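The data block below is start_32.txt; it holds compact mmCIF, C-alpha atoms.
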```txt
# COMPACT_ATOMS: atom_id res chain seq x y z
CA MET A 203 30.72 -6.78 -19.75
CA SER A 204 29.78 -10.40 -19.41
CA GLY A 205 27.19 -10.28 -16.71
CA PRO A 206 26.17 -9.18 -13.28
CA GLY A 207 29.64 -8.92 -11.86
CA GLY A 208 30.69 -6.21 -9.54
CA HIS A 209 29.67 -5.28 -6.07
CA ALA A 210 27.20 -2.55 -5.39
CA ASP A 211 28.38 0.55 -7.10
CA PRO A 212 28.27 3.51 -4.74
CA ALA A 213 26.11 5.20 -7.34
CA TYR A 214 23.40 2.69 -6.52
CA LEU A 215 23.31 3.84 -2.96
CA LEU A 216 22.03 7.30 -3.75
CA ASP A 217 18.76 8.38 -2.36
CA SER A 218 17.22 5.10 -1.35
CA SER A 219 14.71 6.76 0.92
CA GLY A 220 12.81 8.88 -1.56
CA PRO A 221 9.10 8.60 -2.28
CA ALA A 222 9.69 5.80 -4.78
CA ALA A 223 12.24 3.86 -2.75
CA PRO A 224 12.30 0.08 -3.08
CA PRO A 225 11.76 -2.59 -1.97
CA ARG A 226 8.12 -1.73 -1.57
CA ASP A 227 7.81 0.54 -4.54
CA ASN A 228 4.48 -0.05 -6.23
CA GLY A 229 3.46 -2.24 -3.36
CA GLU A 230 5.57 -5.31 -3.85
CA LEU A 231 8.53 -6.83 -2.10
CA VAL A 232 11.47 -7.71 -4.30
CA PHE A 233 11.60 -11.26 -2.94
CA ALA A 234 8.61 -13.15 -1.60
CA ALA A 235 10.68 -15.39 0.67
CA PRO A 236 14.25 -15.59 1.97
CA TRP A 237 15.08 -18.61 -0.20
CA GLU A 238 14.28 -16.56 -3.31
CA SER A 239 16.79 -13.94 -2.33
CA ARG A 240 19.29 -16.68 -1.52
CA ALA A 241 18.89 -18.20 -4.98
CA PHE A 242 19.26 -14.75 -6.52
CA GLY A 243 22.36 -13.92 -4.48
CA LEU A 244 23.95 -17.28 -5.30
CA ALA A 245 23.58 -16.76 -9.05
CA LEU A 246 25.13 -13.31 -8.90
CA ALA A 247 27.94 -14.39 -6.59
CA LEU A 248 28.82 -17.36 -8.82
CA THR A 249 28.83 -15.06 -11.83
CA GLU A 250 30.99 -12.49 -10.11
CA ALA A 251 33.42 -15.23 -9.11
CA GLY A 252 33.66 -16.22 -12.77
CA LEU A 253 32.34 -19.72 -12.02
CA ILE A 254 29.35 -19.35 -14.31
CA GLU A 255 28.70 -17.10 -17.29
CA TRP A 256 25.60 -14.96 -17.01
CA GLU A 257 24.59 -15.63 -20.59
CA ASP A 258 24.86 -19.39 -20.01
CA PHE A 259 22.67 -18.98 -16.95
CA ARG A 260 20.15 -16.92 -18.90
CA GLN A 261 19.94 -19.44 -21.71
CA ALA A 262 19.55 -22.27 -19.20
CA LEU A 263 16.84 -20.29 -17.41
CA ILE A 264 15.01 -19.79 -20.70
CA ARG A 265 15.10 -23.56 -21.29
CA GLU A 266 13.95 -24.25 -17.75
CA ILE A 267 11.04 -21.81 -18.02
CA GLY A 268 10.11 -23.12 -21.46
CA GLY A 269 10.13 -26.68 -20.17
CA TRP A 270 7.99 -25.77 -17.19
CA GLU A 271 5.49 -23.93 -19.37
CA ALA A 272 5.26 -26.83 -21.80
CA ALA A 273 4.56 -29.19 -18.93
CA HIS A 274 2.08 -26.86 -17.20
CA PRO A 275 -0.13 -25.29 -19.86
CA SER A 276 -2.56 -24.00 -17.26
CA GLY A 277 0.21 -22.06 -15.55
CA GLU A 278 -0.89 -23.40 -12.18
CA GLY A 279 1.89 -23.71 -9.65
CA TRP A 280 4.15 -21.20 -11.37
CA SER A 281 7.13 -20.01 -9.39
CA TYR A 282 9.74 -17.96 -11.19
CA TYR A 283 12.35 -18.52 -8.51
CA GLU A 284 11.80 -22.26 -8.51
CA CYS A 285 12.78 -22.20 -12.18
CA TRP A 286 15.71 -19.98 -11.24
CA LEU A 287 16.80 -22.38 -8.48
CA ARG A 288 16.52 -25.48 -10.70
CA THR A 289 18.59 -23.68 -13.33
CA LEU A 290 21.19 -22.89 -10.74
CA GLU A 291 21.26 -26.49 -9.49
CA ARG A 292 21.71 -27.80 -13.01
CA ILE A 293 24.40 -25.35 -14.00
CA ALA A 294 26.32 -25.77 -10.72
CA SER A 295 26.24 -29.54 -11.23
CA ALA A 296 27.20 -29.29 -14.90
CA ARG A 297 30.17 -27.05 -14.05
CA GLY A 298 31.31 -29.45 -11.34
CA LEU A 299 30.77 -26.86 -8.60
CA VAL A 300 28.63 -29.29 -6.65
CA ASP A 301 28.16 -33.03 -6.90
CA PRO A 302 24.49 -33.74 -7.71
CA GLY A 303 24.47 -36.68 -5.31
CA ALA A 304 25.94 -34.58 -2.52
CA LEU A 305 23.37 -31.89 -3.21
CA ASP A 306 20.47 -34.34 -2.94
CA GLU A 307 21.98 -35.79 0.19
CA ARG A 308 22.43 -32.40 1.82
CA ALA A 309 18.89 -31.36 0.91
CA ALA A 310 17.48 -34.58 2.36
CA LEU A 311 19.51 -34.07 5.51
CA LEU A 312 18.28 -30.51 5.93
CA ALA A 313 14.71 -31.53 5.17
CA ALA A 314 14.88 -34.17 7.88
CA ARG A 315 15.74 -31.72 10.62
CA PRO A 316 13.28 -31.83 13.47
CA ALA A 317 10.63 -29.14 13.35
CA GLY A 318 10.96 -26.29 15.74
CA HIS A 319 14.69 -25.72 15.75
CA ASP A 320 14.54 -23.38 12.83
CA HIS A 321 13.39 -19.89 12.01
CA ALA A 322 10.34 -20.84 10.04
CA SER A 323 8.40 -17.85 11.22
CA HIS A 324 10.70 -15.65 9.14
CA ASP A 325 9.52 -17.28 5.98
CA ARG A 326 6.35 -16.07 4.38
CA GLU A 327 6.05 -18.80 1.85
CA GLY A 328 2.80 -20.07 3.31
CA HIS A 329 1.52 -23.53 2.60
CA ARG A 330 4.42 -24.52 0.42
CA HIS A 331 6.79 -24.00 3.26
CA GLN A 332 7.65 -27.01 5.35
CA GLY A 333 9.29 -25.19 8.20
CA HIS A 334 12.95 -25.86 7.59
CA GLU A 335 14.21 -22.59 6.31
CA HIS A 336 17.15 -21.33 8.27
CA ASP A 337 17.33 -17.69 7.43
CA MET A 338 21.00 -16.92 7.09
CA HIS A 339 20.62 -13.32 6.16
CA ASN A 340 18.20 -11.90 8.60
CA GLY A 341 15.00 -11.81 6.64
CA ASN A 342 13.37 -9.83 9.41
CA SER A 343 15.16 -6.69 8.39
CA ARG A 344 13.24 -6.49 5.15
CA ARG A 345 9.86 -7.49 6.34
CA PRO A 346 7.25 -4.78 6.29
CA MET B 1 15.54 -34.26 -15.55
CA THR B 2 13.72 -34.85 -12.33
CA THR B 3 15.58 -35.76 -9.22
CA ALA B 4 14.43 -36.68 -5.78
CA ALA B 5 15.45 -33.23 -4.68
CA ASP B 6 12.79 -31.69 -6.91
CA HIS B 7 10.23 -32.84 -4.40
CA ILE B 8 11.94 -31.10 -1.53
CA ASP B 9 10.93 -27.63 -0.50
CA PRO B 10 12.83 -25.04 -2.57
CA ALA B 11 13.82 -23.25 0.62
CA VAL B 12 15.67 -26.37 1.73
CA ARG B 13 17.21 -26.93 -1.70
CA ALA B 14 18.44 -23.35 -1.86
CA GLU B 15 19.97 -23.74 1.59
CA ALA B 16 21.59 -27.04 0.59
CA LEU B 17 23.11 -25.54 -2.55
CA ALA B 18 24.34 -22.45 -0.72
CA SER B 19 25.85 -24.46 2.13
CA LEU B 20 27.80 -26.74 -0.22
CA LEU B 21 29.11 -23.85 -2.32
CA ILE B 22 30.10 -21.90 0.78
CA GLU B 23 31.85 -24.92 2.29
CA ARG B 24 33.87 -25.33 -0.88
CA GLY B 25 34.82 -21.67 -0.71
CA LEU B 26 33.25 -20.93 -4.12
CA VAL B 27 30.96 -18.20 -2.82
CA ASP B 28 30.74 -16.39 0.47
CA GLN B 29 27.77 -15.23 2.42
CA ALA B 30 28.84 -11.59 2.50
CA THR B 31 28.97 -11.37 -1.29
CA MET B 32 25.53 -12.93 -1.60
CA ASP B 33 24.11 -10.64 1.05
CA ASN B 34 25.60 -7.62 -0.64
CA PHE B 35 23.88 -8.42 -3.93
CA ILE B 36 20.59 -9.10 -2.17
CA LYS B 37 20.73 -5.90 -0.17
CA THR B 38 21.65 -3.86 -3.21
CA TYR B 39 18.61 -4.99 -5.17
CA GLU B 40 16.27 -4.88 -2.20
CA GLN B 41 17.20 -1.44 -1.02
CA SER B 42 19.34 0.58 -3.36
CA VAL B 43 18.48 -0.12 -6.98
CA GLY B 44 14.94 0.44 -8.11
CA PRO B 45 12.50 2.48 -10.18
CA MET B 46 13.45 5.71 -8.43
CA ASN B 47 16.58 5.60 -10.57
CA GLY B 48 14.58 5.41 -13.79
CA ALA B 49 12.23 8.10 -12.51
CA LYS B 50 15.16 10.50 -12.23
CA VAL B 51 16.20 9.65 -15.78
CA VAL B 52 12.70 10.35 -17.06
CA ALA B 53 12.36 13.62 -15.15
CA LYS B 54 15.69 14.83 -16.47
CA ALA B 55 14.70 13.96 -20.02
CA TRP B 56 11.44 15.88 -19.60
CA THR B 57 13.23 19.00 -18.41
CA ASP B 58 16.43 18.92 -20.46
CA PRO B 59 15.97 18.49 -24.22
CA ALA B 60 19.68 17.93 -24.81
CA TYR B 61 19.64 15.11 -22.25
CA GLU B 62 16.52 13.64 -23.83
CA GLU B 63 18.32 13.56 -27.16
CA ARG B 64 21.33 11.79 -25.66
CA LEU B 65 19.06 9.36 -23.82
CA LEU B 66 17.24 8.32 -26.96
CA ALA B 67 20.50 8.07 -28.91
CA ASP B 68 22.40 5.98 -26.35
CA GLY B 69 20.40 4.94 -23.31
CA THR B 70 23.20 3.22 -21.44
CA ALA B 71 25.56 6.21 -21.73
CA ALA B 72 22.95 8.83 -20.81
CA ILE B 73 21.76 6.74 -17.85
CA ALA B 74 25.36 6.35 -16.68
CA GLU B 75 25.64 10.15 -16.61
CA LEU B 76 23.33 10.01 -13.59
CA GLY B 77 25.45 7.30 -11.99
CA PHE B 78 23.23 4.34 -12.82
CA LYS B 79 25.05 1.39 -14.33
CA GLY B 80 25.75 -2.26 -13.71
CA PRO B 81 24.38 -5.70 -14.50
CA GLN B 82 21.61 -5.87 -17.11
CA GLY B 83 22.29 -2.27 -18.05
CA GLU B 84 24.90 -2.80 -20.73
CA HIS B 85 22.55 -2.15 -23.66
CA ILE B 86 19.58 -0.10 -22.53
CA VAL B 87 17.41 1.28 -25.31
CA VAL B 88 14.95 4.00 -24.32
CA LEU B 89 11.74 4.20 -26.33
CA GLN B 90 9.80 7.45 -26.34
CA ASN B 91 6.04 7.38 -26.14
CA THR B 92 4.16 9.97 -28.17
CA PRO B 93 0.47 10.88 -28.36
CA THR B 94 0.11 8.32 -31.15
CA VAL B 95 2.67 5.62 -30.27
CA HIS B 96 2.72 3.71 -26.99
CA HIS B 97 5.48 1.22 -26.16
CA VAL B 98 5.16 -1.67 -23.75
CA VAL B 99 8.01 -3.96 -22.74
CA VAL B 100 8.05 -7.70 -22.21
CA CYS B 101 10.62 -10.47 -22.04
CA THR B 102 8.81 -13.34 -23.71
CA LEU B 103 11.36 -16.03 -22.84
CA CYS B 104 12.51 -15.20 -19.34
CA SER B 105 12.68 -11.96 -17.41
CA CYS B 106 15.22 -9.61 -19.00
CA TYR B 107 14.81 -6.18 -17.48
CA PRO B 108 16.96 -3.03 -17.14
CA TRP B 109 18.09 -3.50 -13.54
CA PRO B 110 20.08 -0.25 -13.11
CA VAL B 111 17.03 1.91 -13.78
CA LEU B 112 14.15 -0.29 -12.62
CA GLY B 113 15.63 -2.78 -10.16
CA LEU B 114 14.38 -6.35 -10.30
CA PRO B 115 11.14 -7.02 -12.18
CA PRO B 116 7.79 -7.37 -10.41
CA SER B 117 6.16 -10.79 -10.31
CA TRP B 118 3.60 -10.03 -13.01
CA TYR B 119 6.39 -9.20 -15.46
CA LYS B 120 7.81 -12.70 -14.98
CA ASP B 121 4.44 -14.42 -15.14
CA PRO B 122 3.80 -16.74 -18.12
CA SER B 123 0.43 -15.10 -18.64
CA TYR B 124 1.80 -11.56 -19.08
CA ARG B 125 4.69 -12.78 -21.21
CA SER B 126 2.44 -14.51 -23.69
CA ARG B 127 -0.69 -12.37 -23.62
CA ILE B 128 0.89 -8.92 -23.94
CA VAL B 129 2.16 -10.00 -27.36
CA ARG B 130 -1.13 -11.49 -28.54
CA GLU B 131 -3.60 -9.00 -27.13
CA PRO B 132 -1.76 -5.94 -25.84
CA ARG B 133 -4.77 -3.67 -25.81
CA ALA B 134 -6.77 -6.05 -23.64
CA VAL B 135 -3.89 -6.65 -21.24
CA LEU B 136 -3.21 -2.93 -20.90
CA ALA B 137 -6.90 -2.37 -20.17
CA GLU B 138 -6.57 -4.89 -17.34
CA PHE B 139 -3.78 -2.73 -15.96
CA GLY B 140 -6.22 0.16 -16.15
CA LEU B 141 -4.71 1.72 -19.24
CA GLU B 142 -7.30 2.39 -21.92
CA LEU B 143 -5.65 3.71 -25.05
CA GLY B 144 -7.55 5.27 -27.91
CA GLU B 145 -7.90 3.34 -31.15
CA ASP B 146 -5.73 5.97 -32.81
CA VAL B 147 -2.79 5.04 -30.57
CA GLU B 148 -0.48 2.44 -32.03
CA ILE B 149 0.77 -0.04 -29.44
CA ARG B 150 4.30 -1.34 -29.98
CA VAL B 151 5.24 -4.38 -27.90
CA VAL B 152 9.00 -4.73 -27.60
CA ASP B 153 10.72 -7.94 -26.49
CA SER B 154 13.74 -7.65 -24.23
CA SER B 155 14.79 -11.24 -24.89
CA SER B 156 18.15 -10.35 -26.33
CA GLU B 157 21.12 -8.24 -25.41
CA VAL B 158 18.89 -5.19 -25.34
CA ARG B 159 16.99 -4.05 -22.27
CA TYR B 160 14.19 -1.64 -23.04
CA MET B 161 12.85 1.20 -20.93
CA VAL B 162 9.94 3.42 -21.85
CA LEU B 163 10.14 7.20 -21.71
CA PRO B 164 6.54 8.03 -20.88
CA LEU B 165 4.64 11.11 -21.98
CA ARG B 166 4.95 14.02 -19.62
CA PRO B 167 1.48 14.67 -18.25
CA ALA B 168 -0.29 17.92 -18.99
CA GLY B 169 -0.42 20.49 -16.25
CA THR B 170 3.07 19.82 -14.94
CA ASP B 171 4.84 22.85 -16.45
CA GLY B 172 5.49 24.38 -13.04
CA LEU B 173 7.00 21.29 -11.45
CA SER B 174 10.68 20.88 -10.68
CA GLU B 175 12.71 17.93 -11.93
CA GLN B 176 12.52 16.39 -8.48
CA GLU B 177 8.76 16.85 -8.27
CA LEU B 178 8.37 15.30 -11.70
CA ALA B 179 10.49 12.29 -10.70
CA ALA B 180 8.10 11.60 -7.85
CA LEU B 181 5.28 11.17 -10.38
CA VAL B 182 7.04 8.55 -12.50
CA THR B 183 6.18 4.96 -11.69
CA ARG B 184 7.79 1.66 -12.55
CA ASP B 185 4.69 0.65 -14.48
CA ALA B 186 4.94 3.75 -16.67
CA MET B 187 8.55 2.89 -17.53
CA VAL B 188 7.55 -0.66 -18.50
CA GLY B 189 4.65 0.77 -20.49
CA VAL B 190 1.67 -0.71 -18.66
CA ALA B 191 0.64 2.68 -17.32
CA GLU B 192 0.85 6.35 -18.11
CA VAL B 193 2.18 8.97 -15.76
CA ALA B 194 -0.69 10.63 -13.97
CA VAL B 195 -0.90 13.85 -12.01
CA PRO B 196 -2.19 13.09 -8.53
```
Please, can you express the file's structure as structure tokens?
Amino acid sequence: MSGPGGHADPAYLLDSSGPAAPPRDNGELVFAAPWESRAFGLALALTEAGLIEWEDFRQALIREIGGWEAAHPSGEGWSYYECWLRTLERIASARGLVDPGALDERAALLAARPAGHDHASHDREGHRHQGHEHDMHNGNSRRP
Amino acid sequence: MTTAADHIDPAVRAEALASLLIERGLVDQATMDNFIKTYEQSVGPMNGAKVVAKAWTDPAYEERLLADGTAAIAELGFKGPQGEHIVVLQNTPTVHHVVVCTLCSCYPWPVLGLPPSWYKDPSYRSRIVREPRAVLAEFGLELGEDVEIRVVDSSSEVRYMVLPLRPAGTDGLSEQELAALVTRDAMVGVAEVAVP
């Protein structure tokens, strides 16, 4: 098949409470912050909808990661999901799914929201976080 | 390409992208949430652990697993994205496999779930190829000089999974008890399976 299409197969749902059950298996959450899971879910949903090809996404992600590594030889500031998100932004723009100008505008608008209205306490991103994350999928449910 | 948006918090950019795509009806929140929930809660290394335990206890299954990983894994109900071409590599007392994706983060999702952060890290991806023995030692895995280390790169259609050595002293354990011993790290090849 072409990529990560398909909803959760019932077979996946077997035995998720065993001794090795994720998300905390081997001591690590799958996503470090709600926006990471949002970027992940977006990529899979766009692929399932046939709007992007997984292999195109993968190749674009490889280029994005390669570009980041070339520009940051020390590796400082690395964020896998930032590369993932930039790849998604580029590919969504290139496919005409979003207008790059509209995307910048919307991001600026969201970033300008007054502090305090949002659900920043749900986000564990620490110092990078500027307090404007609106958690649309109930991040609390997967917090330890 | 750098845009003004690159300087905005990724959490805000992800929200902006999602909101525009949802407004245009190109994706919906429920579909996104379903994928997220699946990989947070339902798909993970416990799947691979069952595959390994079955291979340890059923020689015919082990043979099928090594011949066609995807098909043998599907026998247990595990299939889906990033599982189309799974190749299972068997460790022996003299050959140890360790998996990397040097270019991005290719990983056999149906059996291991999503990769841990160290697997995606530029340092692991470059160093495990150059100095595998040193990197494995940092993971706490000291292999004898007589053990050949084979580093395999998943940057292709193929997704690799390691079939670790069954530890000594586990003859009396059931398949289920064995599965509980198998860790994600052992199936990536940065650890061995230990008896607690």
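Using only C-alpha atoms for every distance, the candidate list A:Ala272, A:Ala314, A:Cys285, A:Val232 yields A:Val232 as the residue closest to chain B.
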Exercise for review: Between atom CA of Ile267 of chain A and atom CA of Phe139 of chain B, measure the distance and give it in Å to one decimal.
Suggested key: 24.2 Å
**Study point:** Proximal residues of chain B relative to chain A (only C-alpha atoms; 7 Å) as JSON, numbers by chain
**Key:** {"B": [5, 9, 10, 11, 12, 13, 14, 16, 17, 18, 20, 21, 27, 31, 32, 33, 35, 36, 38, 40, 41, 42, 43, 44, 45, 46, 77, 78, 80, 81, 82, 103, 104, 114, 120, 122, 180]}
Exercise for review: Using all atoms listed in the file, find all polymer residues with an atom at most 9 Å away from the point (5.2, -13.1, -23.7); report them as a ChimeraX atom specification.
Suggested key: /B:100-104,121-130,153
Point to revise | Polymer residues at most 8 Å from Leu163 of chain B, all atoms listed in the file, same-chain spacing of 2 or more positions, as number ranges by chain | key: B: 52, 88-91, 161, 165, 187
